[in-house]
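Report on one structure; see the data block that follows.
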Amino acid sequence: MRIGFIGLGNMGKPMSLNLVDSGYKVTGFDINDSAMEVLREAGGQKANTLDEVIAASDLILTSLPSSAACENVYLGEDGLLAKVPQGIVLVDTSTVAPELEKRIGVQADKKGISFLAAPVSGGVVGAENRTLTFMVGGPKELLESVHPHLMKLGSNIFHISEQYDSGTNAKLINNLLIGFYTAGVAEALTLAEKSGLNLDFLFNVLNVSYGQSRIYERNYKTFMANDDYEPGFALKLLNKDLRFAMDLASDHGVDLPISKALVALYADAEQAGLGEKDMSVLYKRIGEQNLTFKIEGELKS
């Protein structure tokens with residue numbers, strides 16, 4: 001099995017390296033040449049164009065940072081759907097607008113091209129450790145044919161439905177919950193700190209209580225406790241997914257008042273210059289806002 005990998009960023013790079021380590025012949029393409037050089041040094045092949053990826057692949061995976069990039073790679077004049085022959089399977093692991101995945105799927109069907117929309121959850125750590133969860137929309141039989149290869153990258157693969165956007169919808173709901181959990185941890189620990197509680201000790205208490213969550217453990221132990229917010233999962237990416245979730249709600253006529261406030265909270269943090277940091281940096285932003293609030297209150301008094 002020859003595998004092409006388009007998009008060698010925070011997620012795509014470790015995924016492609018794991019495929020090389022599993023013995024696949026992997027040909028990678030990215031606009032960042034240094035990322036392709038890392039793949040080459042690990043035993044993969046560099047491609048200079050999408051044509052070279054297509055020529056060297058039986059299965060092509062994509063991991064792209066935005067809807068615009070995904071649309072260009074798949075639906076552009078020189079994109080994959082314009083050039084791949086029937087027989088090559090395309091699997092998009094990006095988290096993009098559900099409407100886009102549906103359009104790609106419809107166009108792929110018209111051309112007789114095999115396509116799955118399979119966004120992943122688990123972050124960079126999951127990509128590195130092969131513990132990703134795949135949420136897949138598209139033909140079930142097609143997923144069964146590539147399942148052994150995806151299992152080299154993840155530990156959980158779910159077929160959501162035959163609808164191409166169904167996996168993306170599930171991923172957006174997942175990330176909406178992540179947004180809630182992250183904001184909850186940030187506000188709760190800000191209050192705990194101001195109350196004079198030891199945050200390390202509090203973690204041990206709450207970790208065996210109903211306040212425990214995987215996001216609490218991730219955000220606190222990996223980032224907040226070390227005061228190190230290099231991503232992980234960048235706040236701007238979570239903010240993007242939250243906006244997609246709100247668009248999904250709007251499409252279905254669902255009002256989510258608490259989610260609206262949540263999106264505004266993350267938008268404020270991104271506008272404050274924290275978009276490139278890990279999402280757990282929301283804790284720092286809330287602390288700064290409370291400090292400003294306190295100073296303003298003291299000035300008024």
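Letters A, B, ... mark the chains of the structure tokens in the order given; residue numbers begin at 1 per chain; ligand numbers begin at 1, in order shown.
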request  = Identify, on the basis of only C-alpha atoms, every residue whose closest approach to range 257-273 of chain A does not exceed 8 Å; exclude the query and any residue fewer than 2 positions from it along the same chain; express the result as a list in words.
outcome  =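 Near range 257-273 of chain A, the qualifying residues are Leu176, Gly179, Phe180, Ala183, Leu235, Lys236, Asn239, Leu242, Arg243, Met246, Asp255, Gly275, Glu276, Leu282 and Arg285 of chain A.
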Using only C-alpha atoms, find each residue in range 32-125 of chain A having at least one atom no more than 12 Å away from range 153-170 of chain A; report its shortest atom-to-atom pair and that distance in Å (one decimal), rows by chain then rising number, as a tab-separated table.
residue	atom	partner	partner_atom	distance
A:Leu61	CA	A:Leu153	CA	11.4
A:Val91	CA	A:Tyr164	CA	11.1
A:Asp92	CA	A:Thr168	CA	10.3
A:Thr93	CA	A:Thr168	CA	9.4
A:Ser94	CA	A:Thr168	CA	8.8
A:Thr95	CA	A:Thr168	CA	6.5
A:Val96	CA	A:Thr168	CA	7.4
A:Ala97	CA	A:Thr168	CA	7.7
A:Pro98	CA	A:Asp165	CA	4.9
A:Glu99	CA	A:Asp165	CA	6.9
A:Leu100	CA	A:Asp165	CA	8.1
A:Glu101	CA	A:Asp165	CA	5.6
A:Lys102	CA	A:Tyr164	CA	5.2
A:Arg103	CA	A:Tyr164	CA	8.6
A:Ile104	CA	A:Tyr164	CA	8.4
A:Gly105	CA	A:Tyr164	CA	6.0
A:Val106	CA	A:Tyr164	CA	8.4
A:Gln107	CA	A:Tyr164	CA	11.3
A:Ala108	CA	A:Tyr164	CA	10.7
A:Asp109	CA	A:Tyr164	CA	10.8
A:Ser114	CA	A:Tyr164	CA	11.6
A:Phe115	CA	A:Tyr164	CA	8.6
A:Leu116	CA	A:Tyr164	CA	6.9
A:Ala117	CA	A:Tyr164	CA	5.9
A:Ala118	CA	A:Gly167	CA	6.1
A:Pro119	CA	A:Thr168	CA	6.1
A:Val120	CA	A:Gly154	CA	8.7
A:Ser121	CA	A:Gly154	CA	9.4
A:Gly122	CA	A:Gly154	CA	9.0
A:Gly123	CA	A:Gly154	CA	11.3
A:Val124	CA	A:Leu153	CA	11.7
A:Val125	CA	A:Gly154	CA	11.2
Within 7 Å of range 204-226 of chain A: each range 71-187 of chain A residue with its shortest pair, only C-alpha atoms, as a Markdown table:
| residue | atom | partner | partner_atom | distance |
| --- | --- | --- | --- | --- |
| A:Tyr181 | CA | A:Ile215 | CA | 6.4 |
| A:Thr182 | CA | A:Ile215 | CA | 6.6 |
| A:Val185 | CA | A:Tyr216 | CA | 6.0 |
Include N, CA, C and O atoms and write out the residues we just selected as a compact mmCIF listing (two decimals), in the first residue's frame.
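The result, written out as selection-v7.txt:
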# COMPACT_ATOMS: atom_id res chain seq x y z
N TYR A 181 -15.55 22.71 28.53
CA TYR A 181 -14.69 22.17 29.59
C TYR A 181 -13.48 23.08 29.84
O TYR A 181 -13.10 23.33 30.98
N THR A 182 -12.88 23.56 28.75
CA THR A 182 -11.70 24.40 28.89
C THR A 182 -12.03 25.71 29.60
O THR A 182 -11.29 26.17 30.48
N VAL A 185 -12.74 24.93 33.35
CA VAL A 185 -11.50 24.74 34.11
C VAL A 185 -10.83 26.08 34.37
O VAL A 185 -10.37 26.35 35.49
message = According to DSSP computed on the backbone, where in range 22-63 of chain A is there helix (DSSP H, G or I)? Give the residues as number ranges by chain.
response = A: 33-41, 50-55
Could you save those same residues with N, CA, C and O atoms as a PDB file, in the first residue's frame?
ATOM      1  N   ASP A  33       8.547  23.409   3.238  1.00  0.00           N
ATOM      2  CA  ASP A  33       9.546  22.440   2.788  1.00  0.00           C
ATOM      3  C   ASP A  33      10.240  21.753   3.960  1.00  0.00           C
ATOM      4  O   ASP A  33      10.621  20.580   3.858  1.00  0.00           O
ATOM      5  N   SER A  34      10.397  22.456   5.076  1.00  0.00           N
ATOM      6  CA  SER A  34      11.076  21.849   6.222  1.00  0.00           C
ATOM      7  C   SER A  34      10.274  20.675   6.775  1.00  0.00           C
ATOM      8  O   SER A  34      10.856  19.692   7.259  1.00  0.00           O
ATOM      9  N   ALA A  35       8.953  20.761   6.710  1.00  0.00           N
ATOM     10  CA  ALA A  35       8.116  19.649   7.169  1.00  0.00           C
ATOM     11  C   ALA A  35       8.313  18.439   6.265  1.00  0.00           C
ATOM     12  O   ALA A  35       8.379  17.297   6.741  1.00  0.00           O
ATOM     13  N   MET A  36       8.428  18.670   4.966  1.00  0.00           N
ATOM     14  CA  MET A  36       8.667  17.562   4.047  1.00  0.00           C
ATOM     15  C   MET A  36      10.059  16.972   4.263  1.00  0.00           C
ATOM     16  O   MET A  36      10.259  15.764   4.100  1.00  0.00           O
ATOM     17  N   GLU A  37      11.008  17.813   4.648  1.00  0.00           N
ATOM     18  CA  GLU A  37      12.358  17.324   4.885  1.00  0.00           C
ATOM     19  C   GLU A  37      12.401  16.385   6.093  1.00  0.00           C
ATOM     20  O   GLU A  37      13.121  15.378   6.093  1.00  0.00           O
ATOM     21  N   VAL A  38      11.594  16.698   7.119  1.00  0.00           N
ATOM     22  CA  VAL A  38      11.503  15.803   8.279  1.00  0.00           C
ATOM     23  C   VAL A  38      10.983  14.434   7.854  1.00  0.00           C
ATOM     24  O   VAL A  38      11.503  13.394   8.281  1.00  0.00           O
ATOM     25  N   LEU A  39       9.959  14.426   6.993  1.00  0.00           N
ATOM     26  CA  LEU A  39       9.419  13.162   6.489  1.00  0.00           C
ATOM     27  C   LEU A  39      10.470  12.410   5.682  1.00  0.00           C
ATOM     28  O   LEU A  39      10.627  11.188   5.827  1.00  0.00           O
ATOM     29  N   ARG A  40      11.211  13.122   4.839  1.00  0.00           N
ATOM     30  CA  ARG A  40      12.227  12.475   4.012  1.00  0.00           C
ATOM     31  C   ARG A  40      13.312  11.845   4.883  1.00  0.00           C
ATOM     32  O   ARG A  40      13.753  10.708   4.646  1.00  0.00           O
ATOM     33  N   GLU A  41      13.734  12.561   5.917  1.00  0.00           N
ATOM     34  CA  GLU A  41      14.781  12.044   6.800  1.00  0.00           C
ATOM     35  C   GLU A  41      14.321  10.796   7.552  1.00  0.00           C
ATOM     36  O   GLU A  41      15.139   9.956   7.937  1.00  0.00           O
ATOM     37  N   LEU A  50       0.947  18.124  -6.307  1.00  0.00           N
ATOM     38  CA  LEU A  50      -0.104  17.136  -6.058  1.00  0.00           C
ATOM     39  C   LEU A  50      -0.034  16.004  -7.076  1.00  0.00           C
ATOM     40  O   LEU A  50      -0.333  14.849  -6.751  1.00  0.00           O
ATOM     41  N   ASP A  51       0.370  16.315  -8.296  1.00  0.00           N
ATOM     42  CA  ASP A  51       0.496  15.285  -9.333  1.00  0.00           C
ATOM     43  C   ASP A  51       1.455  14.194  -8.896  1.00  0.00           C
ATOM     44  O   ASP A  51       1.205  12.995  -9.131  1.00  0.00           O
ATOM     45  N   GLU A  52       2.546  14.586  -8.255  1.00  0.00           N
ATOM     46  CA  GLU A  52       3.528  13.603  -7.808  1.00  0.00           C
ATOM     47  C   GLU A  52       2.960  12.742  -6.681  1.00  0.00           C
ATOM     48  O   GLU A  52       3.258  11.537  -6.603  1.00  0.00           O
ATOM     49  N   VAL A  53       2.159  13.344  -5.816  1.00  0.00           N
ATOM     50  CA  VAL A  53       1.511  12.567  -4.758  1.00  0.00           C
ATOM     51  C   VAL A  53       0.573  11.533  -5.372  1.00  0.00           C
ATOM     52  O   VAL A  53       0.574  10.357  -5.007  1.00  0.00           O
ATOM     53  N   ILE A  54      -0.247  11.974  -6.318  1.00  0.00           N
ATOM     54  CA  ILE A  54      -1.217  11.084  -6.965  1.00  0.00           C
ATOM     55  C   ILE A  54      -0.513   9.911  -7.638  1.00  0.00           C
ATOM     56  O   ILE A  54      -0.931   8.752  -7.513  1.00  0.00           O
ATOM     57  N   ALA A  55       0.572  10.207  -8.354  1.00  0.00           N
ATOM     58  CA  ALA A  55       1.284   9.166  -9.098  1.00  0.00           C
ATOM     59  C   ALA A  55       1.905   8.123  -8.172  1.00  0.00           C
ATOM     60  O   ALA A  55       2.114   6.975  -8.579  1.00  0.00           O
TER      61      ALA A  55
END
Among listed residues A:Gln45, A:Ser195, A:Asn174, A:Thr133, nearest Val26 in chain A (using only C-alpha atoms) =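 Ranking A:Gln45, A:Ser195, A:Asn174, A:Thr133 by distance to Val26 in chain A, first place goes to A:Gln45.
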message = So the first atom is CA of Met135 in chain A and the second is CA of Lys83 in chain A; what is the distance between them in Å, to one decimal place?
response =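 Straight-line distance from CA of Met135 in chain A to CA of Lys83 in chain A works out to 26.3 Å.
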query = Excluding same-chain residues fewer than 6 positions from Asp228 in chain A, what lies within 10 Å of it counting only C-alpha atoms, as a list in words?
reply = Thr222, Lys277, Asp278, Ser280 and Val281 of chain A
Written selection (N, CA and C atoms) as an mmCIF file, in the first residue's frame:
data_model
loop_
_atom_site.group_PDB
_atom_site.id
_atom_site.type_symbol
_atom_site.label_atom_id
_atom_site.label_comp_id
_atom_site.auth_asym_id
_atom_site.auth_seq_id
_atom_site.Cartn_x
_atom_site.Cartn_y
_atom_site.Cartn_z
ATOM 1 N N THR A 222 -0.523 19.474 31.915
ATOM 2 C CA THR A 222 0.417 19.674 30.815
ATOM 3 C C THR A 222 0.776 21.142 30.605
ATOM 4 N N LYS A 277 -1.427 30.301 20.996
ATOM 5 C CA LYS A 277 -1.130 29.525 22.197
ATOM 6 C C LYS A 277 -2.118 28.371 22.353
ATOM 7 N N ASP A 278 -1.784 27.434 23.246
ATOM 8 C CA ASP A 278 -2.702 26.330 23.512
ATOM 9 C C ASP A 278 -4.012 26.864 24.086
ATOM 10 N N SER A 280 -5.655 26.104 26.554
ATOM 11 C CA SER A 280 -5.659 26.249 28.010
ATOM 12 C C SER A 280 -5.199 27.628 28.459
ATOM 13 N N VAL A 281 -4.642 28.424 27.548
ATOM 14 C CA VAL A 281 -4.200 29.782 27.885
ATOM 15 C C VAL A 281 -5.382 30.673 28.239
#
note = Using only C-alpha atoms, the residue out of A:Glu193, A:Glu128, A:Asp58, A:Asp251 with shortest distance to Gly12 in chain A is A:Glu128
ask   = Can you tell me, as a ChimeraX atom specification, what residues are no more than 9 Å from Leu81 in chain A when counting only C-alpha atoms, ignoring any on the same chain fewer than 2 positions away?
value = /A:73-79,83-85,104,107-108,111,113
task = Within range 139-196 of chain A, find each residue whose DSSP state, derived from the backbone, is strand (DSSP E), and express the selection as a list in words.
result =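 The strand (DSSP E) subset of range 139-196 of chain A is Gly154, Ser155, Asn156, Ile157, Phe158, His159, Ile160 and Ser161 of chain A.
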inquiry  = For Glu187 in chain A, find every residue with an atom within 7 Å (counting only C-alpha atoms), except residues of its own chain fewer than 4 positions away, and show them as a VMD selection string.
reply    = chain A and resid 183 191 283 286
Next, write the just-selected residues to a file, as a tab-separated table (two decimals), in the first residue's frame, keeping N, CA, C and O atoms as the atom set.
chain	number	residue	atom	x	y	z
A	183	ALA	N	-13.15	26.32	29.22
A	183	ALA	CA	-13.57	27.56	29.88
A	183	ALA	C	-13.93	27.30	31.33
A	183	ALA	O	-13.61	28.10	32.22
A	191	LEU	N	-10.98	31.04	40.29
A	191	LEU	CA	-11.68	31.22	41.57
A	191	LEU	C	-10.95	30.48	42.69
A	191	LEU	O	-10.79	31.02	43.80
A	283	TYR	N	-7.08	30.37	30.70
A	283	TYR	CA	-6.88	30.59	32.14
A	283	TYR	C	-6.12	31.89	32.38
A	283	TYR	O	-6.46	32.67	33.28
A	286	ILE	N	-8.42	34.95	31.54
A	286	ILE	CA	-9.42	35.21	32.58
A	286	ILE	C	-8.75	35.84	33.80
A	286	ILE	O	-9.30	36.75	34.43
